[in-house]
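Shown here: my_file.txt, compact mmCIF, C-alpha atoms and all ligand atoms.
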# COMPACT_ATOMS: atom_id res chain seq x y z
CA MET A 1 96.34 110.40 131.29
CA THR A 2 99.44 108.24 131.77
CA THR A 3 100.16 106.24 128.64
CA ILE A 4 102.69 103.47 128.05
CA TYR A 5 104.84 106.14 126.37
CA ASP A 6 105.08 108.28 129.50
CA ILE A 7 108.48 107.11 130.75
CA ASP A 8 108.67 109.56 133.71
CA SER A 9 105.29 108.57 135.11
CA ILE A 10 106.14 104.90 134.73
CA GLU A 11 109.35 105.53 136.66
CA GLU A 12 107.27 107.12 139.46
CA LEU A 13 105.02 104.09 139.45
CA ARG A 14 108.04 101.82 139.61
CA VAL A 15 109.38 103.61 142.68
CA ARG A 16 105.95 103.73 144.34
CA ASN A 17 105.60 99.97 143.94
CA ALA A 18 109.26 99.17 144.69
CA VAL A 19 109.62 97.34 141.36
CA GLN A 20 113.20 96.51 140.42
CA PRO A 21 114.55 98.21 137.29
CA HIS A 22 115.10 94.93 135.44
CA ARG A 23 111.39 94.10 135.77
CA ILE A 24 110.50 97.42 134.15
CA LYS A 25 112.89 96.57 131.36
CA ARG A 26 111.01 93.30 130.80
CA PHE A 27 107.72 95.21 130.91
CA ARG A 28 108.98 97.65 128.26
CA ASN A 29 110.35 94.84 126.13
CA ALA A 30 106.98 93.10 126.31
CA LEU A 31 105.26 96.26 125.08
CA PHE A 32 107.65 97.57 122.47
CA LYS A 33 109.83 94.66 121.37
CA SER A 34 107.56 91.62 121.69
CA SER A 35 104.32 93.53 120.93
CA ASN A 36 102.49 91.73 123.72
CA ASP A 37 99.00 92.64 124.76
CA TRP A 38 98.33 94.43 128.03
CA ASN A 39 97.73 91.39 130.22
CA GLU A 40 100.87 89.69 128.99
CA ALA A 41 102.86 92.86 129.67
CA LEU A 42 101.41 93.16 133.18
CA GLU A 43 102.49 89.59 133.90
CA THR A 44 106.12 90.62 133.58
CA LEU A 45 105.66 92.75 136.73
CA PRO A 46 105.61 91.50 140.32
CA GLU A 47 102.06 90.50 141.23
CA ALA A 48 101.73 93.13 143.95
CA ALA A 49 102.40 95.96 141.49
CA ARG A 50 100.03 94.89 138.71
CA ALA A 51 96.82 96.44 140.01
CA ASP A 52 98.41 99.87 140.44
CA PHE A 53 99.97 99.75 136.96
CA ASP A 54 96.68 98.56 135.49
CA ARG A 55 94.73 101.37 137.21
CA THR A 56 97.17 104.14 136.37
CA ILE A 57 98.30 103.42 132.82
CA THR A 58 96.19 103.76 129.70
CA PHE A 59 97.34 100.97 127.45
CA GLN A 60 95.90 102.25 124.16
CA CYS A 61 95.15 105.82 123.24
CA LEU A 62 93.72 105.11 119.78
CA GLU A 63 90.84 102.83 118.96
CA LEU A 64 91.01 100.80 115.76
CA ALA A 65 87.88 101.75 113.81
CA GLU A 66 88.51 99.89 110.55
CA ARG A 67 91.03 97.68 108.87
CA HIS A 68 91.16 97.14 105.11
CA ASP A 69 93.52 94.58 103.64
CA SER A 70 94.48 95.01 100.01
CA GLU A 71 93.74 92.07 97.77
CA ILE A 72 96.37 92.98 95.24
CA ASP A 73 99.40 93.64 97.39
CA GLY A 74 100.56 93.56 100.98
CA ALA A 75 99.05 96.81 102.18
CA SER A 76 96.67 97.16 105.12
CA LYS A 77 94.97 100.43 105.78
CA LEU A 78 94.05 101.19 109.36
CA ILE A 79 91.62 103.86 110.49
CA PHE A 80 91.97 104.88 114.11
CA LYS A 81 89.63 106.96 116.22
CA THR A 82 91.10 109.40 118.74
CA HIS A 83 89.60 109.90 122.23
CA ASP A 84 87.88 113.06 120.92
CA HIS A 85 86.33 111.11 118.00
CA HIS A 86 88.57 112.20 115.15
CA LEU A 87 89.70 109.77 112.49
CA ILE A 88 93.28 109.30 111.36
CA GLU A 89 94.85 106.69 109.16
CA SER A 90 97.98 104.57 108.87
CA VAL A 91 99.06 102.14 106.18
CA ILE A 92 101.06 98.96 106.77
CA LEU A 93 103.16 97.99 103.77
CA ARG A 94 104.59 94.51 103.32
CA PRO A 95 106.80 94.79 100.26
CA LYS A 96 107.80 91.34 98.91
CA THR A 97 111.44 92.27 98.94
CA GLY A 98 111.95 94.45 101.92
CA ARG A 99 111.09 95.33 105.44
CA THR A 100 107.61 95.75 106.83
CA SER A 101 106.88 99.46 106.95
CA ILE A 102 104.24 101.78 108.25
CA CYS A 103 103.13 105.12 106.95
CA ILE A 104 101.80 107.14 109.88
CA SER A 105 99.87 110.36 110.45
CA SER A 106 101.15 113.32 112.44
CA GLN A 107 98.05 115.54 112.52
CA VAL A 108 94.26 115.32 112.32
CA GLY A 109 93.72 116.90 108.89
CA CYS A 110 96.28 119.30 107.49
CA ALA A 111 96.74 123.05 107.14
CA CYS A 112 98.74 122.92 103.91
CA TYR A 113 95.85 122.51 101.43
CA CYS A 114 97.82 120.92 98.60
CA SER A 115 95.50 120.84 95.58
CA PHE A 116 95.92 117.10 94.92
CA CYS A 117 95.66 115.83 98.49
CA ALA A 118 92.54 114.35 100.11
CA THR A 119 93.72 115.30 103.61
CA GLY A 120 94.06 118.92 102.48
CA LYS A 121 90.34 118.97 101.67
CA MET A 122 89.48 118.25 105.31
CA GLY A 123 91.20 121.29 106.76
CA PHE A 124 93.22 121.23 109.97
CA THR A 125 91.81 120.01 113.29
CA ARG A 126 94.72 119.46 115.65
CA ASN A 127 98.18 118.04 116.15
CA LEU A 128 98.50 114.44 117.23
CA THR A 129 100.24 113.90 120.57
CA GLN A 130 103.45 111.91 120.91
CA ALA A 131 101.41 108.99 122.27
CA GLU A 132 98.93 109.09 119.38
CA ILE A 133 101.78 109.07 116.87
CA LEU A 134 103.48 106.13 118.58
CA ASP A 135 100.28 104.17 119.17
CA GLN A 136 99.91 103.74 115.40
CA VAL A 137 103.20 101.81 115.39
CA THR A 138 102.50 99.82 118.57
CA GLN A 139 99.07 98.72 117.42
CA ALA A 140 100.36 97.79 113.97
CA ASN A 141 103.07 95.67 115.60
CA ARG A 142 100.48 93.88 117.68
CA MET A 143 98.41 93.18 114.57
CA LEU A 144 101.49 91.86 112.77
CA ARG A 145 102.49 89.51 115.56
CA PRO A 146 100.58 86.49 114.22
CA GLU A 147 102.40 86.99 110.91
CA ASP A 148 105.77 87.01 112.68
CA ARG A 149 106.51 90.49 111.45
CA THR A 150 107.47 93.74 113.13
CA ILE A 151 107.60 97.23 111.75
CA ARG A 152 111.14 97.97 110.57
CA ASN A 153 110.53 101.26 108.75
CA VAL A 154 108.47 104.22 109.82
CA VAL A 155 107.55 106.94 107.34
CA PHE A 156 105.70 110.12 108.23
CA MET A 157 103.70 110.22 105.00
CA GLY A 158 100.20 109.84 106.34
CA MET A 159 97.84 112.67 107.23
CA GLY A 160 99.33 116.00 108.22
CA GLU A 161 102.54 117.95 107.92
CA PRO A 162 105.05 116.54 110.43
CA LEU A 163 107.24 119.63 110.49
CA LEU A 164 104.26 121.73 111.63
CA ASN A 165 103.99 119.44 114.68
CA MET A 166 107.66 119.33 115.47
CA ASP A 167 107.61 118.92 119.26
CA HIS A 168 105.44 115.84 119.20
CA VAL A 169 107.00 114.36 116.07
CA PHE A 170 110.51 114.80 117.50
CA SER A 171 109.59 113.21 120.82
CA ALA A 172 107.92 110.33 118.98
CA VAL A 173 111.02 109.89 116.84
CA ASP A 174 113.22 109.91 119.98
CA PHE A 175 111.10 107.09 121.34
CA LEU A 176 111.27 105.08 118.11
CA ARG A 177 115.08 105.21 117.93
CA GLN A 178 115.72 104.57 121.64
CA PRO A 179 117.47 101.17 121.93
CA SER A 180 115.52 100.24 125.08
CA LEU A 181 112.20 101.05 123.35
CA PHE A 182 111.49 100.48 119.63
CA ASN A 183 115.17 100.38 118.71
CA LEU A 184 114.69 101.53 115.10
CA SER A 185 117.84 102.77 113.44
CA ASP A 186 117.81 106.36 112.23
CA ALA A 187 118.14 105.27 108.61
CA ARG A 188 114.76 103.52 108.92
CA ILE A 189 112.81 106.63 109.89
CA THR A 190 111.64 109.02 107.15
CA VAL A 191 110.01 112.38 107.65
CA SER A 192 108.29 113.83 104.60
CA THR A 193 107.57 117.54 104.33
CA VAL A 194 105.97 120.10 102.05
CA GLY A 195 109.23 122.05 102.50
CA ILE A 196 109.60 124.36 105.50
CA PRO A 197 113.24 125.46 105.40
CA ASP A 198 113.84 126.38 109.09
CA ALA A 199 112.16 123.24 110.34
CA MET A 200 114.02 121.11 107.80
CA GLU A 201 117.34 122.55 108.99
CA THR A 202 116.48 121.85 112.64
CA PHE A 203 115.52 118.31 111.67
CA ILE A 204 118.81 117.72 109.84
CA GLU A 205 120.88 119.12 112.71
CA THR A 206 119.02 117.05 115.28
CA TYR A 207 118.85 113.82 113.28
CA PRO A 208 121.60 113.90 110.65
CA ASP A 209 121.22 110.19 109.85
CA MET A 210 117.48 110.13 109.43
CA GLN A 211 115.83 110.24 106.05
CA LEU A 212 114.32 113.53 104.95
CA ALA A 213 111.86 113.51 102.06
CA LEU A 214 110.81 116.69 100.30
CA SER A 215 107.52 116.81 98.42
CA LEU A 216 108.83 118.96 95.60
CA HIS A 217 106.29 118.11 92.87
CA SER A 218 107.47 120.97 90.68
CA ALA A 219 110.66 122.97 90.18
CA ARG A 220 108.70 125.85 88.65
CA GLN A 221 107.63 128.38 91.23
CA GLU A 222 104.29 129.30 89.67
CA VAL A 223 103.32 125.66 89.10
CA ARG A 224 104.41 124.63 92.59
CA GLN A 225 102.45 127.48 94.13
CA ARG A 226 99.31 126.33 92.39
CA MET A 227 99.81 122.78 93.62
CA MET A 228 101.00 123.68 97.11
CA PRO A 229 99.97 127.01 98.66
CA GLN A 230 102.82 126.73 101.22
CA ALA A 231 105.22 127.34 98.33
CA ARG A 232 104.27 131.02 98.38
CA THR A 233 105.77 131.37 101.84
CA TYR A 234 108.80 129.18 101.15
CA PRO A 235 109.92 129.76 97.57
CA LEU A 236 111.99 127.28 95.60
CA GLU A 237 115.10 129.43 95.77
CA GLN A 238 115.15 129.34 99.58
CA LEU A 239 114.32 125.65 99.58
CA ARG A 240 117.31 124.91 97.39
CA GLU A 241 119.70 126.39 99.96
CA THR A 242 118.21 124.02 102.52
CA LEU A 243 118.68 121.11 100.11
CA VAL A 244 122.35 122.06 99.75
CA ALA A 245 122.74 122.07 103.57
CA ALA A 246 120.85 118.75 103.87
CA SER A 247 122.90 117.04 101.19
CA LYS A 248 126.01 117.31 103.40
CA HIS A 249 124.44 114.57 105.50
CA GLY A 250 123.46 112.26 102.67
CA LYS A 251 120.79 111.89 100.08
CA VAL A 252 117.50 113.72 100.36
CA MET A 253 114.52 111.97 98.85
CA ILE A 254 112.65 114.12 96.37
CA GLU A 255 109.01 113.20 95.89
CA TYR A 256 107.51 114.17 92.56
CA LEU A 257 103.86 113.38 92.12
CA MET A 258 103.12 113.37 88.39
CA LEU A 259 99.93 115.07 87.25
CA ALA A 260 98.85 115.11 83.61
CA GLY A 261 99.34 118.49 82.01
CA VAL A 262 100.38 120.07 85.30
CA ASN A 263 104.01 119.11 85.98
CA ASP A 264 104.87 116.48 83.36
CA ARG A 265 105.79 118.57 80.31
CA GLU A 266 109.12 119.30 78.69
CA GLU A 267 109.54 122.60 80.56
CA ASP A 268 108.82 120.79 83.83
CA PHE A 269 111.51 118.21 83.11
CA GLN A 270 114.05 120.88 82.26
CA ALA A 271 113.26 122.94 85.35
CA LEU A 272 113.60 119.85 87.54
CA GLU A 273 116.90 118.84 86.00
CA GLU A 274 118.27 122.34 86.42
CA TYR A 275 116.99 122.71 89.99
CA LEU A 276 118.46 119.44 91.25
CA LYS A 277 121.72 119.62 89.32
CA GLY A 278 124.70 118.77 91.53
CA LEU A 279 122.59 117.65 94.49
CA PRO A 280 122.87 114.04 95.74
CA VAL A 281 119.15 113.34 95.69
CA HIS A 282 117.02 110.29 95.15
CA ILE A 283 113.98 111.13 93.02
CA ASN A 284 110.79 109.20 93.51
CA LEU A 285 108.18 109.60 90.78
CA ILE A 286 104.80 109.04 92.40
CA PRO A 287 101.62 107.99 90.58
CA TYR A 288 98.52 109.97 91.44
CA ASN A 289 95.96 108.21 93.58
CA GLU A 290 92.64 109.51 92.35
CA TYR A 291 89.77 109.94 94.78
CA PRO A 292 86.14 111.06 94.41
CA GLY A 293 85.91 114.81 94.15
CA SER A 294 89.39 115.37 92.77
CA ASN A 295 89.46 116.84 89.28
CA LEU A 296 93.08 116.00 88.57
CA GLN A 297 94.54 113.13 86.58
CA GLY A 298 97.77 111.28 86.99
CA THR A 299 100.35 111.14 84.22
CA PRO A 300 99.88 107.84 82.30
CA GLU A 301 102.36 105.13 83.25
CA PRO A 302 104.36 105.10 79.95
CA GLU A 303 104.97 108.83 80.17
CA ARG A 304 105.93 108.61 83.81
CA LYS A 305 108.40 105.86 82.89
CA ALA A 306 109.85 107.96 80.08
CA PHE A 307 110.23 110.96 82.43
CA GLY A 308 112.04 108.65 84.87
CA GLU A 309 114.35 107.28 82.17
CA ARG A 310 115.33 110.78 81.18
CA LEU A 311 116.13 111.67 84.78
CA LYS A 312 118.29 108.54 85.03
CA THR A 313 120.09 109.43 81.82
CA ALA A 314 120.72 112.88 83.29
CA GLY A 315 122.49 111.10 86.17
CA PHE A 316 119.82 111.16 88.87
CA ASP A 317 119.10 108.22 91.09
CA THR A 318 115.41 107.75 90.22
CA THR A 319 112.69 105.26 91.09
CA LEU A 320 109.10 104.94 89.96
CA ARG A 321 106.92 104.34 92.92
CA TYR A 322 104.30 101.70 92.52
CA SER A 323 101.26 102.79 94.46
CA MET A 324 100.58 100.10 97.05
CA GLY A 325 97.07 99.54 98.23
CA SER A 326 95.39 101.45 95.43
CA ASP A 327 92.35 99.17 95.80
CA ILE A 328 91.92 100.31 99.39
CA ALA A 329 92.34 104.05 98.80
CA ALA A 330 95.73 104.05 100.47
CA ALA A 331 96.77 107.57 99.54
CA CYS A 332 96.93 110.17 102.19
CA GLY A 333 93.57 110.96 103.76
CA GLN A 334 91.41 109.13 101.25
CA LEU A 335 89.80 106.55 103.44
CA VAL A 336 88.99 108.95 106.25
CA GLN A 337 87.47 111.35 103.76
CA HIS A 338 85.34 108.51 102.43
CA LYS A 339 84.23 107.56 105.93
CA GLN A 340 83.38 111.14 106.87
CA LYS A 341 81.15 111.38 103.78
CA GLU A 342 79.42 108.12 104.74
CA ALA A 343 78.70 109.56 108.18
CA LEU A 344 76.97 112.54 106.56
CA LEU A 345 74.60 110.38 104.50
N1 LIG A 401 102.79 116.67 104.53
C1 LIG A 401 103.84 115.77 104.18
C2 LIG A 401 103.54 114.31 104.41
C3 LIG A 401 102.17 113.79 104.04
S1 LIG A 401 101.78 113.48 102.37
C4 LIG A 401 104.28 116.01 102.75
O1 LIG A 401 103.62 116.75 102.04
O2 LIG A 401 105.31 115.49 102.35
C5 LIG A 401 102.86 112.23 101.81
C6 LIG A 401 103.10 112.25 100.32
O3 LIG A 401 101.91 111.86 99.60
C7 LIG A 401 103.47 113.63 99.80
O4 LIG A 401 104.52 113.57 98.89
C8 LIG A 401 102.18 114.07 99.13
O5 LIG A 401 102.42 115.07 98.19
C9 LIG A 401 101.68 112.76 98.53
N2 LIG A 401 100.26 112.75 98.16
C10 LIG A 401 99.24 113.43 98.70
N3 LIG A 401 98.08 113.16 98.07
C11 LIG A 401 98.37 112.26 97.09
C12 LIG A 401 97.60 111.58 96.09
N4 LIG A 401 96.30 111.75 95.98
N5 LIG A 401 98.26 110.73 95.27
C13 LIG A 401 99.58 110.51 95.40
N6 LIG A 401 100.36 111.11 96.32
C14 LIG A 401 99.77 111.98 97.16
Mind turning this structure into structure tokens?
Ligand code: SAH
Amino acid sequence: MTTIYDIDSIEELRVRNAVQPHRIKRFRNALFKSSNDWNEALETLPEAARADFDRTITFQCLELAERHDSEIDGASKLIFKTHDHHLIESVILRPKTGRTSICISSQVGCACYCSFCATGKMGFTRNLTQAEILDQVTQANRMLRPEDRTIRNVVFMGMGEPLLNMDHVFSAVDFLRQPSLFNLSDARITVSTVGIPDAMETFIETYPDMQLALSLHSARQEVRQRMMPQARTYPLEQLRETLVAASKHGKVMIEYLMLAGVNDREEDFQALEEYLKGLPVHINLIPYNEYPGSNLQGTPEPERKAFGERLKTAGFDTTLRYSMGSDIAAACGQLVQHKQKEALL
């Protein structure tokens, strides 16, 4: 299958149809900069070449199955179906003060089995291809066109663990940052990970200016292990060395999902303060998005605020994340899980 992301095959097609390079540039701009639909993009090509391009190239590799627009904030949740009938999800965020962003998936399901995560409950099916990763952004851009918006931030915080699908995630990221394609600056691309030290180091060396986010969630080994089974393989001590290496390139974002009675006590605060001491990190305190079947509870807002204030007083750059799209089950994997259950009824 030749997709619109297959630059080498498109070059072959260009040569076969004797299309001048500047026409291909217009074609690419139509697809990735102006978010045109397929017929509009084809019109940028010489008439004689259109039929061959139309026959050879698959314009879309994901099918939009559902769209849910939040009534309380600017989030839209998209469920896509892959060619082999799997469901993945992406979330468009339109913060009032800030750039339009998209949270995208990197895998169908996930092999990490974090205790609090809806995607983890589904198990792992397969990696997404480069084209499937990018199609989430392209289709979102096309949906946003009537609103005069384009995606300016891409975060890998949807379904899956991006650093366990490195080849495809890296080639997707290369495509996103390429000036002749999506032209996103490195600072606007964030990859979030459960914490795989070798892969994190490769990521930092390859993309020193991109944003790395670590889902830390606890600075106590036994607590973290219970929340995230991967922590057994990659203990906190080893992860800290990677954080030291990463901090040479700028701030790492630390994600800390706050669960009542699990990681929000005094000893948890102290362990976190001690663990991050001296590191230039940005801490993001995340509220828990509950979903049917989860037996965990988020830390109440006032306590989360107080935890954040204490981190600030201790000198850490800290923000409290407001959970966008909570009315449309916008946390990782929730909507797909819901839809899979519906299909079983
Ligand atoms: N595998 C990657 C990226 C996907 S999850 C990672 O773990 O970082 C993106 C973020 O959402 C992670 O910080 C994850 O811990 C968090 N998350 C997962 N389930 C959640 C839930 N129900 N409520 C709030 N945050 C959740």
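The residue that comes closest to Gly123 (chain A), out of A:Gln107, A:Asn284, A:Ser294, A:Ser171 and on the basis of all atoms listed in the file, is A:Gln107.
Using all atoms listed in the file, the nearest neighbour of Lys33 (chain A) within the list A:Leu212, A:Val252, A:Ile286, A:Leu184 is A:Leu184.
Atom pair CA of Leu276 (chain A) / atom N4 of ligand LIG 401 (chain A) has a distance of 23.9 Å (rounded to one decimal).
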- Item | Long-range neighbours of Val154 (chain A) as an NGL selection string, 10 Å cut-off, only C-alpha atoms, 3 positions minimum in chain | :A and (92 or 100-104 or 137 or 151 or 157 or 173 or 176 or 184 or 186-191)
Take the residues from that selection and write them out as a PDB file, in the frame of the given file, keeping C-alpha atoms.
ATOM      1  CA  ILE A  92     101.060  98.960 106.770  1.00  0.00           C
ATOM      2  CA  THR A 100     107.610  95.750 106.830  1.00  0.00           C
ATOM      3  CA  SER A 101     106.880  99.460 106.950  1.00  0.00           C
ATOM      4  CA  ILE A 102     104.240 101.780 108.250  1.00  0.00           C
ATOM      5  CA  CYS A 103     103.130 105.120 106.950  1.00  0.00           C
ATOM      6  CA  ILE A 104     101.800 107.140 109.880  1.00  0.00           C
ATOM      7  CA  VAL A 137     103.200 101.810 115.390  1.00  0.00           C
ATOM      8  CA  ILE A 151     107.600  97.230 111.750  1.00  0.00           C
ATOM      9  CA  MET A 157     103.700 110.220 105.000  1.00  0.00           C
ATOM     10  CA  VAL A 173     111.020 109.890 116.840  1.00  0.00           C
ATOM     11  CA  LEU A 176     111.270 105.080 118.110  1.00  0.00           C
ATOM     12  CA  LEU A 184     114.690 101.530 115.100  1.00  0.00           C
ATOM     13  CA  ASP A 186     117.810 106.360 112.230  1.00  0.00           C
ATOM     14  CA  ALA A 187     118.140 105.270 108.610  1.00  0.00           C
ATOM     15  CA  ARG A 188     114.760 103.520 108.920  1.00  0.00           C
ATOM     16  CA  ILE A 189     112.810 106.630 109.890  1.00  0.00           C
ATOM     17  CA  THR A 190     111.640 109.020 107.150  1.00  0.00           C
ATOM     18  CA  VAL A 191     110.010 112.380 107.650  1.00  0.00           C
TER      19      VAL A 191
END
Would you give the centre and edge lengths, in Å to one decimal, of a box along x, y and z around the listed atoms of ligand LIG 401 (chain A), with 8 Å added to each side, as JSON?
{"center_x": 100.8, "center_y": 113.6, "center_z": 99.9, "size_x": 25.0, "size_y": 22.2, "size_z": 25.3}
- Pick out the residues sitting within 10 Å of Gln20 (chain A), and hand them over as a ChimeraX atom specification; count only C-alpha atoms, and ignore anything fewer than 4 positions along from it in its own chain. /A:14-15,24-25,45-46
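Nearest to ligand LIG 401 (chain A) of all the residues A:Thr206, A:Thr82, A:Thr299, A:Gln139 is A:Thr299, counting only C-alpha atoms and all ligand atoms.
Of the residues under consideration (A:Glu303, A:Glu205, A:Asp268, A:Glu161), A:Glu161 shows the shortest atom-to-atom contact distance to ligand LIG 401 (chain A) when counting all atoms listed in the file.
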Taking only C-alpha atoms and all ligand atoms into account, produce a table as a Markdown table in which each residue of chain A with an atom at most 9 Å from an atom of ligand LIG 401 (chain A) appears once, together with its shortest atom pair and the distance in Å to one decimal, ordered by chain and rising number.
| residue | atom | partner | partner_atom | distance |
| --- | --- | --- | --- | --- |
| A:Cys103 | CA | A:LIG401 | C5 | 8.8 |
| A:Ile104 | CA | A:LIG401 | C3 | 8.9 |
| A:Ser105 | CA | A:LIG401 | C3 | 7.6 |
| A:Ser106 | CA | A:LIG401 | C2 | 8.4 |
| A:Cys110 | CA | A:LIG401 | N1 | 7.6 |
| A:Cys112 | CA | A:LIG401 | N1 | 7.5 |
| A:Cys114 | CA | A:LIG401 | O5 | 7.5 |
| A:Ser115 | CA | A:LIG401 | N3 | 8.5 |
| A:Phe116 | CA | A:LIG401 | N4 | 5.5 |
| A:Cys117 | CA | A:LIG401 | N3 | 3.6 |
| A:Ala118 | CA | A:LIG401 | N3 | 6.0 |
| A:Thr119 | CA | A:LIG401 | N3 | 7.4 |
| A:Gly120 | CA | A:LIG401 | N3 | 8.3 |
| A:Val155 | CA | A:LIG401 | C2 | 8.9 |
| A:Phe156 | CA | A:LIG401 | C2 | 6.1 |
| A:Met157 | CA | A:LIG401 | C5 | 3.9 |
| A:Gly158 | CA | A:LIG401 | C3 | 5.0 |
| A:Met159 | CA | A:LIG401 | C3 | 5.5 |
| A:Gly160 | CA | A:LIG401 | N1 | 5.1 |
| A:Glu161 | CA | A:LIG401 | N1 | 3.6 |
| A:Pro162 | CA | A:LIG401 | N1 | 6.3 |
| A:Leu163 | CA | A:LIG401 | N1 | 8.0 |
| A:Leu164 | CA | A:LIG401 | N1 | 8.8 |
| A:Val191 | CA | A:LIG401 | C2 | 7.5 |
| A:Ser192 | CA | A:LIG401 | O2 | 4.1 |
| A:Thr193 | CA | A:LIG401 | O2 | 3.6 |
| A:Val194 | CA | A:LIG401 | O1 | 4.1 |
| A:Gly195 | CA | A:LIG401 | O2 | 7.6 |
| A:Ala213 | CA | A:LIG401 | O2 | 6.8 |
| A:Leu214 | CA | A:LIG401 | O2 | 6.0 |
| A:Ser215 | CA | A:LIG401 | O4 | 4.4 |
| A:Leu216 | CA | A:LIG401 | O4 | 7.6 |
| A:His217 | CA | A:LIG401 | O5 | 7.2 |
| A:Met228 | CA | A:LIG401 | O5 | 8.8 |
| A:Ile254 | CA | A:LIG401 | O4 | 8.5 |
| A:Glu255 | CA | A:LIG401 | O4 | 5.4 |
| A:Tyr256 | CA | A:LIG401 | O4 | 7.0 |
| A:Leu257 | CA | A:LIG401 | N6 | 5.9 |
| A:Met258 | CA | A:LIG401 | C13 | 8.4 |
| A:Ile286 | CA | A:LIG401 | C13 | 6.2 |
| A:Pro287 | CA | A:LIG401 | C13 | 5.8 |
| A:Tyr288 | CA | A:LIG401 | N5 | 3.9 |
| A:Asn289 | CA | A:LIG401 | N5 | 3.8 |
| A:Glu290 | CA | A:LIG401 | N4 | 5.6 |
| A:Tyr291 | CA | A:LIG401 | N4 | 6.9 |
| A:Ser294 | CA | A:LIG401 | N4 | 8.4 |
| A:Gly298 | CA | A:LIG401 | N5 | 8.3 |
| A:Ser323 | CA | A:LIG401 | C13 | 8.0 |
| A:Ala330 | CA | A:LIG401 | N5 | 8.8 |
| A:Ala331 | CA | A:LIG401 | C12 | 5.4 |
| A:Cys332 | CA | A:LIG401 | N3 | 5.2 |
| A:Gly333 | CA | A:LIG401 | N3 | 7.6 |
| A:Gln334 | CA | A:LIG401 | N4 | 7.7 |
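Proximity of A:Leu243, A:Ser34, A:Ala48, A:Ile10 to Lys277 (chain A), computed with all atoms listed in the file, is greatest for A:Leu243.
Proximity ranking of A:Asn263, A:Arg23, A:Val169, A:Pro208 relative to Arg224 (chain A) places A:Asn263 first, based on all atoms listed in the file.
With all atoms listed in the file taken into account, the protein and nucleic acid residues at most 10 Å from Glu63 (chain A) (excluding it and anything under 5 positions from it in its own chain) are Ile79, Phe80, Lys81, Thr82, His83, His85, Leu87, Asp135, Gln136 and Gln139 of chain A.
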Export, as a short mmCIF file (atom, residue, chain, number, x, y, z; two decimals), keeping the file's coordinate frame, the selected residues with C-alpha atoms.
data_model
loop_
_atom_site.label_atom_id
_atom_site.label_comp_id
_atom_site.auth_asym_id
_atom_site.auth_seq_id
_atom_site.Cartn_x
_atom_site.Cartn_y
_atom_site.Cartn_z
CA ILE A 79 91.62 103.86 110.49
CA PHE A 80 91.97 104.88 114.11
CA LYS A 81 89.63 106.96 116.22
CA THR A 82 91.10 109.40 118.74
CA HIS A 83 89.60 109.90 122.23
CA HIS A 85 86.33 111.11 118.00
CA LEU A 87 89.70 109.77 112.49
CA ASP A 135 100.28 104.17 119.17
CA GLN A 136 99.91 103.74 115.40
CA GLN A 139 99.07 98.72 117.42
#
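Note that CA of Thr125 (chain A) and CA of His86 (chain A) are 8.7 Å apart.
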- Task: Counting all atoms listed in the file, note down every residue that has an atom within 12 Å of the point (115.9, 113.4, 81.1) (file coordinates), as a PyMOL selection string.
- Result: chain A and resi 264-274+277+303-318
- Item | Two-atom distance - CA of Gln238 (chain A), CA of Ile196 (chain A) (Å) | 9.5 Å
- Name all residues at most 10 Å from Ala49 (chain A) (count all atoms listed in the file; drop same-chain ones fewer than 5 positions away) and give them as a ChimeraX atom specification. /A:13-14,16-19,42-43,54
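Neighbourhood of point (87.6, 101.1, 109.8): residues with an atom at most 8 Å away, counting all atoms listed in the file, are Leu64, Ala65, Glu66, Arg67, His68, Leu78, Ile79 and Phe80 of chain A.
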